[in-house]
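Chemist: One file is attached below, structure_26.txt, containing compact mmCIF, C-alpha atoms.
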```txt
# COMPACT_ATOMS: atom_id res chain seq x y z
CA MET A 1 -16.56 37.54 23.27
CA ARG A 2 -17.58 37.84 19.65
CA LEU A 3 -13.99 37.44 18.55
CA ALA A 4 -13.63 34.31 20.69
CA CYS A 5 -16.79 32.81 19.19
CA LEU A 6 -15.61 33.67 15.68
CA ALA A 7 -12.24 32.03 16.35
CA LEU A 8 -13.90 28.88 17.67
CA GLY A 9 -16.16 28.81 14.65
CA LEU A 10 -13.23 29.07 12.26
CA VAL A 11 -11.39 26.28 14.05
CA TRP A 12 -14.48 24.07 13.88
CA VAL A 13 -14.96 24.73 10.16
CA ALA A 14 -11.28 24.02 9.43
CA SER A 15 -11.32 20.77 11.39
CA ALA A 16 -14.60 19.68 9.80
CA GLY A 17 -13.24 20.31 6.32
CA ALA A 18 -9.86 18.68 6.98
CA GLU A 19 -9.27 15.57 4.90
CA VAL A 20 -8.78 12.35 6.84
CA LEU A 21 -5.60 10.48 5.92
CA TYR A 22 -5.13 6.73 6.29
CA ARG A 23 -1.83 4.94 6.90
CA LEU A 24 -1.03 1.94 4.73
CA PRO A 25 -2.54 -1.21 6.25
CA TRP A 26 0.70 -3.20 6.20
CA PRO A 27 3.92 -3.15 8.27
CA GLU A 28 6.81 -0.71 8.02
CA GLY A 29 9.28 -1.52 5.26
CA LEU A 30 6.99 -3.75 3.17
CA SER A 31 5.93 -2.80 -0.37
CA PHE A 32 2.70 -3.78 -2.12
CA MET A 33 0.83 -2.74 -5.25
CA PHE A 34 -2.67 -1.32 -5.68
CA THR A 35 -4.30 -3.51 -8.34
CA GLN A 36 -7.85 -2.12 -8.30
CA VAL A 37 -8.79 1.50 -7.60
CA SER A 38 -11.90 3.61 -8.09
CA ASP A 39 -10.68 5.32 -11.27
CA GLY A 40 -9.01 2.26 -12.78
CA LYS A 41 -9.73 1.11 -16.31
CA ILE A 42 -10.37 -2.45 -15.10
CA THR A 43 -12.36 -2.96 -11.91
CA SER A 44 -14.93 -5.27 -10.39
CA HIS A 45 -16.08 -2.67 -7.87
CA PHE A 46 -19.44 -1.51 -9.19
CA THR A 47 -21.70 -1.47 -6.12
CA LYS A 48 -22.29 1.51 -3.84
CA ALA A 49 -20.35 -0.27 -1.09
CA THR A 50 -17.28 -1.02 -3.24
CA LEU A 51 -17.13 1.83 -5.79
CA HIS A 52 -14.21 3.56 -4.03
CA ALA A 53 -12.67 0.42 -2.54
CA VAL A 54 -9.10 -0.63 -3.36
CA ASP A 55 -7.54 -4.05 -3.82
CA ILE A 56 -3.91 -4.63 -2.90
CA ALA A 57 -1.97 -7.63 -4.19
CA MET A 58 -0.66 -9.31 -1.06
CA PRO A 59 0.46 -12.89 -0.37
CA GLU A 60 -1.21 -14.87 2.35
CA GLY A 61 -0.06 -14.32 5.91
CA VAL A 62 1.03 -10.67 5.78
CA PRO A 63 0.06 -8.74 8.95
CA VAL A 64 -2.86 -6.39 8.22
CA LEU A 65 -2.77 -3.22 10.33
CA ALA A 66 -5.42 -0.66 11.20
CA ALA A 67 -5.22 2.28 8.81
CA ARG A 68 -6.99 4.52 11.34
CA ALA A 69 -7.95 4.36 15.00
CA GLY A 70 -11.45 3.23 15.93
CA MET A 71 -13.62 0.55 17.48
CA VAL A 72 -14.01 -2.95 16.03
CA ASP A 73 -17.63 -3.21 14.88
CA SER A 74 -17.68 -6.80 13.68
CA VAL A 75 -15.43 -9.62 12.51
CA GLU A 76 -15.73 -12.81 10.49
CA THR A 77 -13.10 -15.50 10.73
CA HIS A 78 -14.52 -18.96 9.89
CA HIS A 79 -14.47 -18.83 6.07
CA GLY A 80 -11.90 -20.79 4.06
CA ALA A 81 -11.57 -23.83 6.31
CA SER A 82 -10.65 -25.92 3.23
CA PRO A 83 -9.52 -25.14 -0.34
CA GLU A 84 -12.62 -26.90 -1.71
CA GLU A 85 -15.04 -24.66 0.18
CA ASP A 86 -17.26 -22.52 -2.05
CA PRO A 87 -17.27 -18.79 -1.23
CA LEU A 88 -20.07 -17.98 1.20
CA SER A 89 -19.69 -14.22 0.74
CA TYR A 90 -17.71 -11.73 -1.32
CA GLU A 91 -15.63 -10.43 1.60
CA GLY A 92 -14.84 -13.77 3.22
CA ASN A 93 -13.13 -13.17 6.56
CA PHE A 94 -13.00 -9.50 7.51
CA VAL A 95 -12.58 -6.89 10.21
CA ARG A 96 -14.82 -3.81 10.28
CA VAL A 97 -13.55 -0.83 12.30
CA ARG A 98 -15.84 2.12 13.10
CA HIS A 99 -14.19 5.56 13.25
CA ALA A 100 -15.00 8.58 15.38
CA ASP A 101 -16.74 10.37 12.48
CA GLY A 102 -19.15 7.47 11.91
CA THR A 103 -17.40 5.98 8.88
CA ALA A 104 -16.07 2.44 8.96
CA ALA A 105 -13.11 0.69 7.33
CA ILE A 106 -13.46 -2.85 6.00
CA TYR A 107 -10.43 -5.14 5.72
CA ALA A 108 -11.52 -8.21 3.74
CA HIS A 109 -10.36 -11.59 2.35
CA LEU A 110 -8.34 -12.35 5.51
CA LYS A 111 -7.07 -15.88 6.01
CA HIS A 112 -8.97 -18.60 7.85
CA ARG A 113 -8.79 -17.95 11.58
CA GLY A 114 -6.63 -14.97 10.68
CA VAL A 115 -8.40 -12.28 12.72
CA ALA A 116 -6.50 -10.95 15.74
CA VAL A 117 -9.15 -8.65 17.28
CA ALA A 118 -12.68 -8.98 18.63
CA ALA A 119 -15.85 -6.92 18.27
CA GLY A 120 -15.95 -4.06 20.77
CA GLU A 121 -12.16 -3.75 20.97
CA ALA A 122 -10.57 -0.30 20.57
CA VAL A 123 -7.68 -0.21 18.10
CA GLU A 124 -5.05 2.37 17.25
CA ALA A 125 -3.65 3.16 13.79
CA GLY A 126 -0.93 0.63 13.01
CA GLN A 127 -2.33 -2.05 15.35
CA LEU A 128 -2.52 -5.65 14.14
CA LEU A 129 -6.02 -6.65 12.97
CA GLY A 130 -5.31 -9.97 11.27
CA TYR A 131 -3.51 -11.63 8.38
CA SER A 132 -4.06 -11.43 4.64
CA GLY A 133 -5.56 -14.34 2.75
CA SER A 134 -7.82 -15.36 -0.12
CA THR A 135 -11.17 -16.12 1.51
CA GLY A 136 -14.39 -14.98 -0.10
CA ASP A 137 -15.03 -14.50 -3.81
CA VAL A 138 -11.44 -14.07 -5.03
CA LEU A 139 -9.03 -16.17 -7.09
CA GLU A 140 -5.78 -15.23 -5.37
CA PRO A 141 -4.59 -13.65 -2.11
CA LEU A 142 -5.21 -9.93 -1.77
CA LEU A 143 -6.38 -7.31 0.69
CA HIS A 144 -9.65 -5.53 -0.03
CA PHE A 145 -9.86 -2.18 1.76
CA ALA A 146 -12.85 0.13 1.77
CA VAL A 147 -14.11 3.05 3.84
CA VAL A 148 -17.88 3.39 3.98
CA ARG A 149 -20.54 5.52 5.59
CA VAL A 150 -23.98 4.14 6.45
CA GLU A 151 -26.99 5.82 4.87
CA GLY A 152 -30.70 5.12 4.62
CA ASP A 153 -31.95 3.50 1.43
CA SER A 154 -35.25 3.86 -0.44
CA SER A 155 -36.82 0.93 1.44
CA GLY A 156 -36.16 2.41 4.86
CA GLY A 157 -33.16 0.19 5.55
CA ARG A 158 -29.48 1.02 5.91
CA GLU A 159 -26.73 0.52 3.34
CA ASP A 160 -22.99 1.04 3.05
CA ILE A 161 -21.80 3.81 0.71
CA SER A 162 -18.09 3.77 -0.08
CA VAL A 163 -16.14 7.03 0.10
CA PRO A 164 -12.81 8.04 -1.51
CA VAL A 165 -9.68 7.38 0.55
CA MET A 166 -6.42 9.31 0.79
CA PHE A 167 -3.38 7.49 2.19
CA TYR A 168 -0.15 8.91 3.54
CA VAL A 169 3.47 7.88 3.99
CA GLY A 170 6.55 9.48 5.47
CA ALA A 171 7.36 11.80 8.36
CA PRO A 172 6.13 14.47 7.90
CA PRO A 173 3.03 12.89 6.29
CA LEU A 174 2.85 12.99 2.50
CA ALA A 175 -0.69 12.38 1.20
CA PHE A 176 -1.43 10.49 -2.02
CA ALA A 177 -4.40 8.98 -3.81
CA PRO A 178 -4.29 5.26 -4.69
CA ARG A 179 -3.72 4.56 -8.39
CA ALA A 180 -3.62 1.36 -10.43
CA ALA A 181 -0.17 -0.31 -10.50
CA LEU A 182 1.10 2.03 -7.78
CA ARG A 183 3.56 0.18 -5.54
CA VAL A 184 4.14 1.86 -2.19
CA THR A 185 6.51 1.10 0.69
CA ALA A 186 5.21 1.69 4.21
CA ASN A 187 7.63 4.22 5.68
CA TYR A 188 6.66 6.38 8.66
CA SER A 189 10.09 7.15 10.12
CA ARG A 190 11.60 9.64 7.65
CA PRO A 191 10.73 11.96 4.73
CA VAL A 192 9.85 10.26 1.44
CA GLU A 193 9.19 11.19 -2.17
CA ALA A 194 5.68 11.11 -3.59
CA PRO A 195 4.77 7.59 -4.76
CA ARG A 196 4.51 7.32 -8.54
CA ALA A 197 2.97 4.65 -10.75
CA PRO A 198 4.95 3.32 -13.78
CA SER A 199 2.77 5.46 -16.09
CA GLU A 200 3.92 8.51 -14.10
CA GLY A 201 7.61 7.70 -14.40
CA GLY A 202 7.85 5.53 -11.32
CA GLN A 203 9.39 2.08 -11.05
CA LEU A 204 7.26 -1.05 -11.08
CA PHE A 205 9.73 -2.71 -8.70
CA PRO A 206 11.60 0.01 -6.78
CA SER A 207 15.27 -0.74 -6.31
CA GLN A 208 17.82 0.79 -4.02
CA ARG A 209 21.51 1.07 -4.83
CA PRO A 210 23.52 -0.69 -2.09
CA ALA A 211 25.84 1.46 -0.01
CA PRO A 212 29.55 1.00 -0.86
CA GLU A 213 31.52 -1.16 1.52
CA PRO A 214 35.03 -0.38 2.84
CA GLY A 215 37.60 -1.12 0.13
CA ASP A 216 35.16 -0.86 -2.79
CA GLU A 217 36.75 2.39 -4.02
CA THR A 218 40.28 0.92 -4.02
CA ARG A 219 39.09 -2.19 -5.88
CA GLY A 220 37.32 0.03 -8.38
CA TRP A 221 40.45 2.03 -9.16
CA ARG A 222 42.51 -1.17 -9.53
CA LEU A 223 39.95 -2.61 -11.93
CA LEU A 224 39.97 0.60 -13.97
CA ALA A 225 43.78 0.55 -14.16
CA LEU A 226 43.68 -3.09 -15.31
CA TRP A 227 41.20 -2.30 -18.08
CA LEU A 228 43.33 0.65 -19.22
CA ALA A 229 46.43 -1.55 -19.32
CA TRP A 230 44.56 -4.13 -21.42
CA GLY A 231 43.39 -1.38 -23.73
CA VAL A 232 46.93 -0.02 -24.25
CA ALA A 233 48.27 -3.53 -24.88
CA ALA A 234 45.51 -4.21 -27.43
CA LEU A 235 46.26 -0.96 -29.27
CA GLY A 236 49.96 -1.83 -29.38
CA TRP A 237 49.23 -5.27 -30.78
CA PHE A 238 46.87 -3.83 -33.40
CA TRP A 239 49.51 -1.22 -34.43
CA ARG A 240 52.19 -3.91 -34.89
CA PHE A 241 49.79 -6.13 -36.81
CA SER A 242 48.72 -3.35 -39.16
CA ARG A 243 52.34 -2.40 -39.96
CA GLY A 244 53.38 -5.96 -40.57
```
Let me see whether you can do it: turn the structure in this file into C-alpha cells.

Modeler:
Amino acid sequence: MRLACLALGLVWVASAGAEVLYRLPWPEGLSFMFTQVSDGKITSHFTKATLHAVDIAMPEGVPVLAARAGMVDSVETHHGASPEEDPLSYEGNFVRVRHADGTAAIYAHLKHRGVAVAAGEAVEAGQLLGYSGSTGDVLEPLLHFAVVRVEGDSSGGREDISVPVMFYVGAPPLAFAPRAALRVTANYSRPVEAPRAPSEGGQLFPSQRPAPEPGDETRGWRLLALWLAWGVAALGWFWRFSRG
C-alpha cells in the first residue's frame, strides 16, 4: 500500500512539474516570424499582462488556431469597422481561451468580425479561433499571443500576469522558446530540426531545394559536355593565336 501511494505521489509530482507546450497558432505548412519576445532588445511589452507575450508578423486574414485545448472565456469582434476608427483598446478584437490549469491564452488584434468561436465553447488544439488582423493599438497586421494567470492585486482586485511560453513543432514534438527574428514553419506530421534565428546560424527566409525531375540528370551531363567542348575549343584558339 505504501509503495502504491509513493508511486502515485511520484506520478503526481512529475505531471505537476511537466512543462506545458503550445502548438504554433497558425496552419500547417505556413511560416511566420516572431518579432517581439520577452527577452528581445526592442519590445513594447512592459506590463505584467504582456511581459512574456509574443508578437508574430502575420498578414491580415490568416487563420488563427488554438495553441492549446480549453474553453473560450470571452471574445471581442466589433473593433476595426473602418480604417479611420481610433483604437478603443490595445488588444482590439481577441479570443481568450481558459485552460485546464487555470491559465488563459489571449489571441489579439484579430480582424473585424474575424472571430469564429463564441464564449463558452470548448476548443481543441489546432481548432480555428478567428483570423489575423490589425485591430487595436497597432500599426500593421500581426498576432499578439500571451498566456496569463489571474492573481489578486494589492487593491483586492484581480489582474493578469503573463507567464513564459514554450512552443513545439514536429512529430515527435520538439520544444523551443520564441526568439526575436525566429521564423518557424508549422509542421506536425514529421520530424524537424530545431528552429534557429539568423543570429544562431538559421536562415531569415528558409528555402528548400526542389526535387530533381525526370531527365534533369541527362540534361545536366549534356550541358557539362557542351561546356567542356567550348573550353577545349577556346584553349585551341588561344594556342594558335599565341603561336602566330

Chemist: Which one of A:His112, A:Arg196, A:Arg190, A:Arg149 sits closest to Phe176 (chain A) if you count all atoms listed in the file?

Modeler: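 Comparing A:His112, A:Arg196, A:Arg190, A:Arg149 against Phe176 (chain A), the winner is A:Arg196.
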
Chemist: From the options A:Ala180, A:Leu142, A:Val37, A:Ala116, which residue's atoms come nearest to Glu60 (chain A), counting all atoms listed in the file?

Modeler: A:Leu142

Chemist: Could you jot down the CA of Val97 (chain A) to CA of Ser74 (chain A) separation for me, Å, one decimal place?

Modeler: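 CA of Val97 (chain A) sits 7.4 Å away from CA of Ser74 (chain A).
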
Chemist: So which one's closest to Ala53 (chain A), A:Ser89, A:Thr77, A:Ser154, A:Ser162? Using only C-alpha atoms, please.

Modeler: A:Ser162

Chemist: As an exercise, work out the distance from CA of Glu76 (chain A) to CA of Asp101 (chain A) in Å and give it to one decimal place.

Modeler: 23.3 Å

Chemist: My list of candidates is A:Val147, A:Met71, A:Val165, A:Ile106. Which is closest to Gly120 (chain A) when distances are computed with only C-alpha atoms?

Modeler: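 Residue with the minimum atom-to-atom distance to Gly120 (chain A): A:Met71.
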
Chemist: Can you measure CA of Pro59 (chain A) to CA of Asp39 (chain A) for me? One decimal in Å is fine.

Modeler: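 Rounded to one decimal, the two atoms are 24.0 Å apart.
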
Chemist: Neighbours of Tyr131 (chain A) within 6 Å (all atoms listed in the file; same-chain residues fewer than 5 positions away dropped), as number ranges by chain?

Modeler: A: 61-64, 110, 114

Chemist: Can you work out which one of A:Phe94, A:Tyr22, A:Trp237, A:Phe167 has the shortest atom-to-atom distance to His78 (chain A), counting all atoms listed in the file?

Modeler: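 Ranked by minimum distance to His78 (chain A), first place goes to A:Phe94.
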
Chemist: Return the single residue from A:Ser31, A:Ser155, A:Gln36, A:Thr47 that is closest to Ala186 (chain A), with distances computed using only C-alpha atoms.

Modeler: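 Closest to Ala186 (chain A) of all the choices is A:Ser31.
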
Chemist: Would you mind listing what lies within 10 Å of Glu159 (chain A) as a PyMOL selection string, with only C-alpha atoms counted and same-chain residues fewer than 3 positions away left out?

Modeler: chain A and resi 48-49+148-154+156+162

Chemist: Show which residues sit within 9 Å of Val138 (chain A), as a list in words. Count all atoms listed in the file, and ignore same-chain residues fewer than 6 positions away.

Modeler: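 Listed by chain and then number, they are Pro87, Tyr90, Glu91, Gly92 and His109 of chain A.
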
Chemist: Show me, as AutoDock Vina command-line options, the centre and edge lengths in Å to one decimal of the axis-aligned box that covers every listed atom of region 55-59 of chain A with 8 Å on each side.

Modeler:
```
--center_x -3.5 --center_y -8.5 --center_z -2.3 --size_x 24.0 --size_y 24.8 --size_z 19.8
```
